[in-house]
Amino acid sequence: MIEYRPLKIALLGAGVVGSQVAKLLLENKEELAARVGAELELIGVLVRDKNAARLSNIPSELITTEADALILGADIVIEVMGGIEPARTYILQALNSGSDVITANKALLATNGVELFDTAEQVGAQLYFEAAVAGAIPIIRPLRESLAGDKIKRIMGIVNGSTNYILDRMDSTGCTLESAIAEATKLGYLEADPTLDLEGFDAAQKAAILASLAFHTEVPLEKVYREGITKVTSEQMAAAKRDGYVIKLLAICEKIDATETEEEGISVRVYPAMVPLEHPLASVRGAFNAVFVEAEAAGSLMFYGSGAGGLQTASAVMGDLVSAAKRHVAGGPGLADSVHADLEVLPISRIKTRYQITLEVTDAPGVLATVANAFAKHDVSIETVEQSAKMIEAESTAWLEIGTHEATDKDLAAVVEELRNSSAVEQITSVIRVEGV
Ligand code: NAP
Ligand code: HSE
């Protein structure tokens with residue numbers, strides 16, 4: 001039964017995502033009203049260019065360039081414009097006028113999230129952002145609600161679809177990075193500024209959002225360690241495959257226990273790493289996303305689906321809209337996140353992972369001992385060594401593939417430096433982390 005007054009919805013943006021939000025709002029009006037207990041009335045759609053063609057049929061009288069009037073007349077504001085400004089100003093304006101806000105804007109949340117959440121808390125409004133991480137995949141709500149009584153140990157996610165597509169093409173076809181990037185570009189998978197995807201900035205923004213929720217800690221974007229996929233070679237991909245691994249761009253958020261000398265903290269990092277083929281993340285193909293969560297009580301959980309796409313992302317926006325609208329109808333507090341834990345975000349130098357290092361060395365007596373010594377000197381323990389002379393032309397050269405036990409980034413960097421300066425080593429062809437073992 002619908003007794004509540006119609007709720008006024010303002011949509012900021014009518015691009016890839018916004019046009020689909022408008023379509024779902026207009027087409028599913030009756031069903032949404034029945035679910036919420038109030039009609040959801042789209043009162044206007046903010047755009048830059050009123051005359052531009054739209055991806056869905058939005059009545060022309062709803063299209064506007066007048067931000068203030070639209071925002072101030074709404075109960076709930078949906079921001080799907082992207083960018084920092086004027087999105088930030090509009091969201092603050094909406095919150096300060098008492099509206100709940102739904103946003104898909106990971107870049108804004110990762111850079112100005114603290115300001116936005118503080119404002120929402122002060123005025124008693126709600127800020128929802130399911131669509132900001134991993135598109136259609138429900139991951140924000142599980143972290144905010146379903147797992148709120150558990151303790152998260154680690155999150156390992158493939159949260160950038162375009163780089164997953166590129167790495168998957170390299171793995172499945174043996175093609176070069178350049179040709180896989182060209183394919184992804186042709187399919188329209190990359191952001192307007194492709195470095196956001198290729199250099200891991202997009203994944204780092206999402207990692208910062210996930211880590212702050214999982215560990216109840218503010219995570220400034222500049223503290224997220226980031227490496228993109230631009231140095232991944234087809235040779236590394238082939239070697240990983242031969243050894244039973246696949247290379248994925250991972251966003252890792254992890255609780256790090258205290259040691260005898262160091263405080264506990266968290267690590268938030270993005271880099272390409274070798275993942276064993278039997279790990280659930282290894283089977284995430286194409287442009288799909290997945291988030292693998294390890295919690296103390298729940299154990300391992302995997303969330304999988306479309307990380308982008310207009311309609312898919314609009315689904316996540318609509319879920320938030322129904323929640324926000326129900327809160328208006330039923331009253332009471334909404335979701336609130338806490339940053340009470342206030343853990344230190346640790347530098348990459350303190351983080352331990354396994355590594356795979358590939359070297360070309362002089363094939364002569366004592367060379368293996370020299371190489372092993374470099375590892376021992378810096379306290380890095382070798383787990384596996386494979387030697388082969390077949391891969392290269394010169395007879396006096398051998399190819400060494402060394403797998404390590406867990407070592408800190410700092411110790412491994414010292415080993416690499418030592419090897420680089422050693423006369424026994426002709427070339428270091430690959431240094432890559434191994435995760436999920
Ligand atoms: P988009 O296609 O570029 O659409 C942006 C829309 O916002 C356009 O309609 C544009 O108007 C409007 N807009 C931009 N700046 C404006 C301004 N200053 N004043 C008024 N209107 C303005 O972007 P999108 O792909 O839909 O992405 C929107 C948000 O969703 C971003 O934060 C993005 O990161 C996030 N997101 C997108 C995806 C995806 O698959 N696309 C997935 C997850 C999250 P005009 O059309 O008139 O230019
Ligand atoms: N550029 C992003 C990706 C879009 O490739 O996953 C979704 O956030």
# chains A, B, ... in the order shown; residues from 1 in each chain; ligands from 1
call {"tool": "residues_around", "arguments": {"residues": "region 256-273 of chain A", "least_positions_apart": "5", "cutoff": "7 Å", "atoms": "only C-alpha atoms", "output": "list in words"}}
result
Gly200, Ala203, Ala204, Ala207, Ala208, Ala211, Val224, Tyr225, Arg226, Glu227, Gly228, Ile229, Ile247, Lys248, Leu249, Leu250, Ala251, Leu343, Glu344, Val345, Leu346, Ile432, Arg433, Val434 and Glu435 of chain A
call {"tool": "residues_around", "arguments": {"residues": "Arg54 (chain A)", "least_positions_apart": "4", "cutoff": "8 Å", "atoms": "only C-alpha atoms", "output": "list in words"}}
result
Ala14, Gly15, Ser19 and Ile58 of chain A
call {"tool": "residues_around", "arguments": {"residues": "Leu116 (chain A)", "least_positions_apart": "6", "cutoff": "9 Å", "atoms": "only C-alpha atoms", "output": "MDAnalysis selection string"}}
result
chainID A and resid 88 91:92 95 109 127
call {"tool": "write_last_selection", "arguments": {"atoms": "N, CA and C atoms", "output": "PDB file, in the first residue's frame"}}
result
ATOM      1  N   ARG A  88      31.727  17.276  -6.398  1.00  0.00           N
ATOM      2  CA  ARG A  88      31.912  17.436  -4.945  1.00  0.00           C
ATOM      3  C   ARG A  88      30.981  18.524  -4.397  1.00  0.00           C
ATOM      4  N   ILE A  91      27.324  17.432  -4.382  1.00  0.00           N
ATOM      5  CA  ILE A  91      27.009  16.446  -3.334  1.00  0.00           C
ATOM      6  C   ILE A  91      26.946  17.132  -1.971  1.00  0.00           C
ATOM      7  N   LEU A  92      27.896  18.032  -1.710  1.00  0.00           N
ATOM      8  CA  LEU A  92      27.875  18.753  -0.422  1.00  0.00           C
ATOM      9  C   LEU A  92      26.603  19.594  -0.313  1.00  0.00           C
ATOM     10  N   LEU A  95      23.703  17.183   0.453  1.00  0.00           N
ATOM     11  CA  LEU A  95      23.736  16.689   1.841  1.00  0.00           C
ATOM     12  C   LEU A  95      23.335  17.807   2.802  1.00  0.00           C
ATOM     13  N   LEU A 109      35.229   9.786  -4.136  1.00  0.00           N
ATOM     14  CA  LEU A 109      35.226   9.178  -2.801  1.00  0.00           C
ATOM     15  C   LEU A 109      36.643   8.921  -2.311  1.00  0.00           C
ATOM     16  N   LEU A 127      25.034   8.778   2.580  1.00  0.00           N
ATOM     17  CA  LEU A 127      25.789   8.740   1.331  1.00  0.00           C
ATOM     18  C   LEU A 127      25.972   7.273   0.955  1.00  0.00           C
TER      19      LEU A 127
END
call {"tool": "closest_atom_pairs", "arguments": {"of": "chain A", "to": "ligand 1", "cutoff": "6 Å", "atoms": "only C-alpha atoms and all ligand atoms", "output": "JSON lines"}}
result
{"residue": "A:Gly13", "atom": "CA", "partner": "ligand 1", "partner_atom_place_in_ligand_line": "7 (O)", "distance": 3.4}
{"residue": "A:Ala14", "atom": "CA", "partner": "ligand 1", "partner_atom_place_in_ligand_line": "9 (O)", "distance": 3.5}
{"residue": "A:Gly15", "atom": "CA", "partner": "ligand 1", "partner_atom_place_in_ligand_line": "4 (O)", "distance": 3.2}
{"residue": "A:Val16", "atom": "CA", "partner": "ligand 1", "partner_atom_place_in_ligand_line": "26 (O)", "distance": 3.7}
{"residue": "A:Val17", "atom": "CA", "partner": "ligand 1", "partner_atom_place_in_ligand_line": "26 (O)", "distance": 3.7}
{"residue": "A:Gly18", "atom": "CA", "partner": "ligand 1", "partner_atom_place_in_ligand_line": "26 (O)", "distance": 5.5}
{"residue": "A:Leu46", "atom": "CA", "partner": "ligand 1", "partner_atom_place_in_ligand_line": "21 (N)", "distance": 5.3}
{"residue": "A:Val47", "atom": "CA", "partner": "ligand 1", "partner_atom_place_in_ligand_line": "21 (N)", "distance": 3.5}
{"residue": "A:Arg48", "atom": "CA", "partner": "ligand 1", "partner_atom_place_in_ligand_line": "47 (O)", "distance": 3.6}
{"residue": "A:Asp49", "atom": "CA", "partner": "ligand 1", "partner_atom_place_in_ligand_line": "47 (O)", "distance": 3.7}
{"residue": "A:Val80", "atom": "CA", "partner": "ligand 1", "partner_atom_place_in_ligand_line": "28 (C)", "distance": 4.2}
{"residue": "A:Met81", "atom": "CA", "partner": "ligand 1", "partner_atom_place_in_ligand_line": "7 (O)", "distance": 3.4}
{"residue": "A:Gly82", "atom": "CA", "partner": "ligand 1", "partner_atom_place_in_ligand_line": "32 (O)", "distance": 3.2}
{"residue": "A:Pro86", "atom": "CA", "partner": "ligand 1", "partner_atom_place_in_ligand_line": "18 (N)", "distance": 5.6}
{"residue": "A:Ala104", "atom": "CA", "partner": "ligand 1", "partner_atom_place_in_ligand_line": "30 (O)", "distance": 4.6}
{"residue": "A:Asn105", "atom": "CA", "partner": "ligand 1", "partner_atom_place_in_ligand_line": "32 (O)", "distance": 3.4}
{"residue": "A:Lys106", "atom": "CA", "partner": "ligand 1", "partner_atom_place_in_ligand_line": "34 (O)", "distance": 5.8}
{"residue": "A:Ala131", "atom": "CA", "partner": "ligand 1", "partner_atom_place_in_ligand_line": "44 (C)", "distance": 5.7}
{"residue": "A:Ala132", "atom": "CA", "partner": "ligand 1", "partner_atom_place_in_ligand_line": "44 (C)", "distance": 5.1}
{"residue": "A:Gly135", "atom": "CA", "partner": "ligand 1", "partner_atom_place_in_ligand_line": "43 (C)", "distance": 4.6}
{"residue": "A:Ala308", "atom": "CA", "partner": "ligand 1", "partner_atom_place_in_ligand_line": "40 (O)", "distance": 3.6}
{"residue": "A:Gly309", "atom": "CA", "partner": "ligand 1", "partner_atom_place_in_ligand_line": "40 (O)", "distance": 3.7}
{"residue": "A:Gly310", "atom": "CA", "partner": "ligand 1", "partner_atom_place_in_ligand_line": "40 (O)", "distance": 5.1}
{"residue": "A:Thr313", "atom": "CA", "partner": "ligand 1", "partner_atom_place_in_ligand_line": "42 (C)", "distance": 5.4}
call {"tool": "write_last_selection", "arguments": {"atoms": "C-alpha atoms", "output": "mmCIF file, in the first residue's frame"}}
result
data_model
loop_
_atom_site.group_PDB
_atom_site.id
_atom_site.type_symbol
_atom_site.label_atom_id
_atom_site.label_comp_id
_atom_site.auth_asym_id
_atom_site.auth_seq_id
_atom_site.Cartn_x
_atom_site.Cartn_y
_atom_site.Cartn_z
ATOM 1 C CA GLY A 13 24.456 13.013 -15.276
ATOM 2 C CA ALA A 14 22.868 11.184 -18.213
ATOM 3 C CA GLY A 15 25.869 9.458 -19.752
ATOM 4 C CA VAL A 16 26.694 5.740 -19.866
ATOM 5 C CA VAL A 17 25.373 5.101 -16.333
ATOM 6 C CA GLY A 18 22.926 7.993 -15.870
ATOM 7 C CA LEU A 46 21.390 17.497 -15.046
ATOM 8 C CA VAL A 47 23.644 17.525 -18.124
ATOM 9 C CA ARG A 48 26.200 19.817 -19.750
ATOM 10 C CA ASP A 49 24.662 19.781 -23.209
ATOM 11 C CA VAL A 80 26.660 9.916 -11.923
ATOM 12 C CA MET A 81 28.561 12.791 -13.524
ATOM 13 C CA GLY A 82 32.067 11.688 -12.549
ATOM 14 C CA PRO A 86 31.510 20.224 -9.654
ATOM 15 C CA ALA A 104 29.136 5.982 -8.392
ATOM 16 C CA ASN A 105 32.134 8.317 -8.262
ATOM 17 C CA LYS A 106 35.143 6.321 -7.010
ATOM 18 C CA ALA A 131 28.331 1.423 -7.730
ATOM 19 C CA ALA A 132 31.691 3.059 -6.996
ATOM 20 C CA GLY A 135 30.053 -1.939 -10.847
ATOM 21 C CA ALA A 308 31.338 -1.805 -15.445
ATOM 22 C CA GLY A 309 28.716 -1.109 -18.096
ATOM 23 C CA GLY A 310 25.838 1.345 -18.040
ATOM 24 C CA THR A 313 26.289 -0.146 -12.859
#
call {"tool": "select_by_dssp", "arguments": {"residues": "region 325-376 of chain A", "states": "alpha helix (DSSP H)", "output": "ChimeraX atom specification"}}
result
/A:325-330,367-376
call {"tool": "closest_residue", "arguments": {"among": "A:Ala424, A:Val77, A:Ile137, A:Leu177", "to": "Ser315 (chain A)", "atoms": "only C-alpha atoms"}}
result
A:Ile137
call {"tool": "residues_near_ligand", "arguments": {"ligand": "ligand 2", "cutoff": "9 Å", "atoms": "only C-alpha atoms and all ligand atoms", "output": "PyMOL selection string"}}
result
chain A and resi 104-106+131-135+158-165+189-192+194+196-197+202-203+206+287-289+306-309+313
call {"tool": "residues_around", "arguments": {"residues": "Ala374 (chain A)", "least_positions_apart": "4", "cutoff": "8 Å", "atoms": "only C-alpha atoms", "output": "PyMOL selection string"}}
result
chain A and resi 370+378+415+418-419
call {"tool": "write_last_selection", "arguments": {"atoms": "N, CA and C atoms", "output": "JSON list (two decimals), in the first residue's frame"}}
result
[["chain", "number", "residue", "atom", "x", "y", "z"],
["A", 370, "THR", "N", 76.86, -17.96, -6.24],
["A", 370, "THR", "CA", 76.90, -16.49, -6.13],
["A", 370, "THR", "C", 75.48, -15.93, -6.05],
["A", 378, "HIS", "N", 70.62, -11.08, 2.12],
["A", 378, "HIS", "CA", 69.54, -10.15, 2.47],
["A", 378, "HIS", "C", 68.36, -10.87, 3.10],
["A", 415, "VAL", "N", 68.13, -7.59, -2.74],
["A", 415, "VAL", "CA", 68.63, -8.74, -3.52],
["A", 415, "VAL", "C", 68.74, -8.36, -4.99],
["A", 418, "GLU", "N", 71.69, -6.21, -5.65],
["A", 418, "GLU", "CA", 72.93, -7.02, -5.56],
["A", 418, "GLU", "C", 73.12, -7.83, -6.86],
["A", 419, "LEU", "N", 72.04, -8.43, -7.33],
["A", 419, "LEU", "CA", 72.12, -9.24, -8.55],
["A", 419, "LEU", "C", 72.46, -8.36, -9.75]]
call {"tool": "atom_distance", "arguments": {"atom1": "CA of Glu254 (chain A)", "atom2": "CA of His340 (chain A)"}}
result
17.1 Å
call {"tool": "residues_around", "arguments": {"residues": "Pro365 (chain A)", "least_positions_apart": "6", "cutoff": "12 Å", "atoms": "only C-alpha atoms", "output": "PyMOL selection string"}}
result
chain A and resi 371+396-398+424
call {"tool": "atom_distance", "arguments": {"atom1": "CA of Pro138 (chain A)", "atom2": "CA of Cys253 (chain A)"}}
result
17.4 Å
call {"tool": "residues_around", "arguments": {"residues": "Gly149 (chain A)", "least_positions_apart": "6", "cutoff": "12 Å", "atoms": "only C-alpha atoms", "output": "PyMOL selection string"}}
result
chain A and resi 142-143+214+295-298
call {"tool": "closest_residue", "arguments": {"among": "A:Leu167, A:Val329, A:Val232, A:Val293", "to": "Ser430 (chain A)", "atoms": "only C-alpha atoms"}}
result
A:Val232
call {"tool": "residues_around", "arguments": {"residues": "region 25-32 of chain A", "least_positions_apart": "4", "cutoff": "12 Å", "atoms": "only C-alpha atoms", "output": "VMD selection string"}}
result
chain A and resid 1 to 2 6 to 11 18 to 21 36 to 45 56 to 59 62 78 311 314 to 315 317 to 319 321 to 323 325 to 326
call {"tool": "write_last_selection", "arguments": {"atoms": "N, CA and C atoms", "output": "mmCIF file, in the first residue's frame"}}
result
data_model
loop_
_atom_site.group_PDB
_atom_site.id
_atom_site.type_symbol
_atom_site.label_atom_id
_atom_site.label_comp_id
_atom_site.auth_asym_id
_atom_site.auth_seq_id
_atom_site.Cartn_x
_atom_site.Cartn_y
_atom_site.Cartn_z
ATOM 1 N N MET A 1 0.837 -1.194 0.000
ATOM 2 C CA MET A 1 0.000 0.000 0.000
ATOM 3 C C MET A 1 0.881 1.259 0.000
ATOM 4 N N ILE A 2 0.573 2.199 -0.885
ATOM 5 C CA ILE A 2 1.409 3.387 -0.992
ATOM 6 C C ILE A 2 0.707 4.572 -0.334
ATOM 7 N N PRO A 6 5.104 11.241 -2.790
ATOM 8 C CA PRO A 6 6.124 10.902 -3.785
ATOM 9 C C PRO A 6 7.482 11.464 -3.372
ATOM 10 N N LEU A 7 8.531 10.668 -3.583
ATOM 11 C CA LEU A 7 9.893 11.135 -3.269
ATOM 12 C C LEU A 7 10.518 11.713 -4.528
ATOM 13 N N LYS A 8 11.119 12.888 -4.394
ATOM 14 C CA LYS A 8 11.660 13.599 -5.560
ATOM 15 C C LYS A 8 13.127 13.196 -5.762
ATOM 16 N N ILE A 9 13.386 12.692 -6.964
ATOM 17 C CA ILE A 9 14.720 12.174 -7.278
ATOM 18 C C ILE A 9 15.383 13.066 -8.323
ATOM 19 N N ALA A 10 16.583 13.560 -8.000
ATOM 20 C CA ALA A 10 17.369 14.350 -8.964
ATOM 21 C C ALA A 10 18.506 13.477 -9.480
ATOM 22 N N LEU A 11 18.667 13.475 -10.798
ATOM 23 C CA LEU A 11 19.736 12.681 -11.406
ATOM 24 C C LEU A 11 20.774 13.629 -11.994
ATOM 25 N N GLY A 18 24.119 7.186 -16.172
ATOM 26 C CA GLY A 18 22.926 7.993 -15.870
ATOM 27 C C GLY A 18 21.759 7.697 -16.795
ATOM 28 N N SER A 19 22.048 7.480 -18.087
ATOM 29 C CA SER A 19 20.950 7.228 -19.037
ATOM 30 C C SER A 19 20.219 5.926 -18.659
ATOM 31 N N GLN A 20 20.972 4.952 -18.138
ATOM 32 C CA GLN A 20 20.351 3.668 -17.753
ATOM 33 C C GLN A 20 19.599 3.789 -16.420
ATOM 34 N N VAL A 21 20.108 4.643 -15.535
ATOM 35 C CA VAL A 21 19.386 4.889 -14.277
ATOM 36 C C VAL A 21 18.040 5.531 -14.601
ATOM 37 N N VAL A 36 9.031 0.254 -2.462
ATOM 38 C CA VAL A 36 9.464 1.294 -1.520
ATOM 39 C C VAL A 36 8.318 1.728 -0.598
ATOM 40 N N GLY A 37 7.104 1.760 -1.160
ATOM 41 C CA GLY A 37 5.973 2.307 -0.402
ATOM 42 C C GLY A 37 5.788 3.775 -0.700
ATOM 43 N N ALA A 38 6.449 4.267 -1.728
ATOM 44 C CA ALA A 38 6.276 5.664 -2.171
ATOM 45 C C ALA A 38 6.680 5.731 -3.636
ATOM 46 N N GLU A 39 6.042 6.624 -4.355
ATOM 47 C CA GLU A 39 6.418 6.794 -5.759
ATOM 48 C C GLU A 39 7.792 7.479 -5.837
ATOM 49 N N LEU A 40 8.624 7.043 -6.773
ATOM 50 C CA LEU A 40 9.919 7.693 -6.984
ATOM 51 C C LEU A 40 9.790 8.575 -8.228
ATOM 52 N N GLU A 41 9.733 9.874 -7.999
ATOM 53 C CA GLU A 41 9.461 10.806 -9.094
ATOM 54 C C GLU A 41 10.768 11.459 -9.570
ATOM 55 N N LEU A 42 11.147 11.143 -10.808
ATOM 56 C CA LEU A 42 12.355 11.761 -11.382
ATOM 57 C C LEU A 42 12.016 13.209 -11.736
ATOM 58 N N ILE A 43 12.618 14.160 -10.997
ATOM 59 C CA ILE A 43 12.209 15.558 -11.203
ATOM 60 C C ILE A 43 13.121 16.296 -12.185
ATOM 61 N N GLY A 44 14.266 15.711 -12.502
ATOM 62 C CA GLY A 44 15.138 16.392 -13.464
ATOM 63 C C GLY A 44 16.446 15.642 -13.644
ATOM 64 N N VAL A 45 17.085 15.901 -14.796
ATOM 65 C CA VAL A 45 18.337 15.229 -15.131
ATOM 66 C C VAL A 45 19.343 16.300 -15.553
ATOM 67 N N SER A 56 19.203 6.638 -23.695
ATOM 68 C CA SER A 56 17.844 6.152 -23.414
ATOM 69 C C SER A 56 16.883 7.325 -23.601
ATOM 70 N N ASN A 57 15.606 7.005 -23.688
ATOM 71 C CA ASN A 57 14.608 8.052 -23.928
ATOM 72 C C ASN A 57 14.287 8.808 -22.653
ATOM 73 N N ILE A 58 14.902 9.964 -22.504
ATOM 74 C CA ILE A 58 14.593 10.790 -21.328
ATOM 75 C C ILE A 58 13.734 11.947 -21.824
ATOM 76 N N PRO A 59 12.522 12.132 -21.280
ATOM 77 C CA PRO A 59 11.672 13.242 -21.753
ATOM 78 C C PRO A 59 12.445 14.562 -21.707
ATOM 79 N N LEU A 62 12.635 16.965 -18.784
ATOM 80 C CA LEU A 62 13.381 16.631 -17.562
ATOM 81 C C LEU A 62 14.846 17.058 -17.643
ATOM 82 N N ILE A 78 21.092 11.609 -7.085
ATOM 83 C CA ILE A 78 21.970 10.561 -7.629
ATOM 84 C C ILE A 78 23.045 11.242 -8.459
ATOM 85 N N LEU A 311 24.138 -0.370 -17.832
ATOM 86 C CA LEU A 311 22.993 -1.007 -17.187
ATOM 87 C C LEU A 311 23.416 -1.735 -15.910
ATOM 88 N N ALA A 314 24.067 0.734 -13.284
ATOM 89 C CA ALA A 314 22.778 1.328 -12.887
ATOM 90 C C ALA A 314 22.040 0.403 -11.906
ATOM 91 N N SER A 315 22.243 -0.904 -12.030
ATOM 92 C CA SER A 315 21.602 -1.838 -11.095
ATOM 93 C C SER A 315 22.049 -1.537 -9.661
ATOM 94 N N VAL A 317 23.241 1.312 -8.561
ATOM 95 C CA VAL A 317 22.689 2.628 -8.186
ATOM 96 C C VAL A 317 21.234 2.458 -7.733
ATOM 97 N N MET A 318 20.471 1.657 -8.473
ATOM 98 C CA MET A 318 19.054 1.476 -8.150
ATOM 99 C C MET A 318 18.881 0.775 -6.795
ATOM 100 N N GLY A 319 19.784 -0.162 -6.484
ATOM 101 C CA GLY A 319 19.726 -0.827 -5.170
ATOM 102 C C GLY A 319 19.887 0.194 -4.059
ATOM 103 N N LEU A 321 19.255 3.346 -4.351
ATOM 104 C CA LEU A 321 18.095 4.250 -4.385
ATOM 105 C C LEU A 321 16.925 3.658 -3.595
ATOM 106 N N VAL A 322 16.685 2.374 -3.774
ATOM 107 C CA VAL A 322 15.585 1.738 -3.037
ATOM 108 C C VAL A 322 15.868 1.790 -1.528
ATOM 109 N N SER A 323 17.114 1.536 -1.139
ATOM 110 C CA SER A 323 17.464 1.609 0.300
ATOM 111 C C SER A 323 17.233 3.015 0.840
ATOM 112 N N ALA A 325 15.348 5.370 -0.370
ATOM 113 C CA ALA A 325 13.924 5.733 -0.391
ATOM 114 C C ALA A 325 13.171 5.049 0.759
ATOM 115 N N LYS A 326 13.511 3.795 1.025
ATOM 116 C CA LYS A 326 12.851 3.079 2.133
ATOM 117 C C LYS A 326 13.143 3.768 3.465
#
call {"tool": "atom_distance", "arguments": {"atom1": "CA of Val380 (chain A)", "atom2": "CA of Arg350 (chain A)"}}
result
13.8 Å
call {"tool": "closest_residue", "arguments": {"among": "A:Ala136, A:Ala369, A:Leu12, A:Met302", "to": "Val101 (chain A)", "atoms": "only C-alpha atoms"}}
result
A:Leu12
call {"tool": "select_by_dssp", "arguments": {"residues": "region 100-168 of chain A", "states": "strand (DSSP E)", "output": "ChimeraX atom specification"}}
result
/A:100-103,127-128,152-158
call {"tool": "write_last_selection", "arguments": {"atoms": "N, CA, C and O atoms", "output": "CSV table (one decimal), in the first residue's frame"}}
result
chain,number,residue,atom,x,y,z
A,100,ASP,N,19.5,12.6,0.9
A,100,ASP,CA,20.4,11.5,0.8
A,100,ASP,C,21.1,11.6,-0.6
A,100,ASP,O,20.4,12.0,-1.5
A,101,VAL,N,22.3,11.0,-0.7
A,101,VAL,CA,23.0,11.1,-1.9
A,101,VAL,C,23.5,9.7,-2.3
A,101,VAL,O,24.0,8.9,-1.4
A,102,ILE,N,23.4,9.4,-3.6
A,102,ILE,CA,23.9,8.1,-4.1
A,102,ILE,C,25.0,8.5,-5.2
A,102,ILE,O,24.7,9.3,-6.0
A,103,THR,N,26.1,7.9,-5.1
A,103,THR,CA,27.2,8.2,-6.1
A,103,THR,C,27.9,7.0,-6.5
A,103,THR,O,28.0,6.0,-5.8
A,127,LEU,N,25.0,8.8,2.6
A,127,LEU,CA,25.8,8.7,1.3
A,127,LEU,C,26.0,7.3,1.0
A,127,LEU,O,26.6,6.5,1.7
A,128,TYR,N,25.4,6.9,-0.2
A,128,TYR,CA,25.5,5.5,-0.6
A,128,TYR,C,26.4,5.4,-1.8
A,128,TYR,O,26.4,6.3,-2.7
A,152,ILE,N,37.6,-8.6,9.1
A,152,ILE,CA,38.1,-8.9,7.8
A,152,ILE,C,39.7,-9.0,7.9
A,152,ILE,O,40.3,-8.2,8.6
A,153,LYS,N,40.2,-10.1,7.3
A,153,LYS,CA,41.7,-10.3,7.4
A,153,LYS,C,42.3,-9.7,6.1
A,153,LYS,O,43.4,-9.1,6.2
A,154,ARG,N,41.6,-10.0,5.0
A,154,ARG,CA,42.3,-9.7,3.7
A,154,ARG,C,41.2,-9.6,2.6
A,154,ARG,O,40.3,-10.4,2.6
A,155,ILE,N,41.4,-8.7,1.7
A,155,ILE,CA,40.6,-8.6,0.5
A,155,ILE,C,41.5,-8.6,-0.7
A,155,ILE,O,42.5,-7.9,-0.7
A,156,MET,N,41.2,-9.5,-1.6
A,156,MET,CA,42.1,-9.5,-2.8
A,156,MET,C,41.1,-9.4,-4.0
A,156,MET,O,40.2,-10.2,-4.2
A,157,GLY,N,41.2,-8.3,-4.8
A,157,GLY,CA,40.2,-8.1,-5.8
A,157,GLY,C,40.8,-7.8,-7.2
A,157,GLY,O,41.8,-7.3,-7.3
A,158,ILE,N,40.0,-8.3,-8.2
A,158,ILE,CA,40.2,-7.8,-9.5
A,158,ILE,C,39.1,-6.8,-9.7
A,158,ILE,O,38.0,-7.1,-9.9
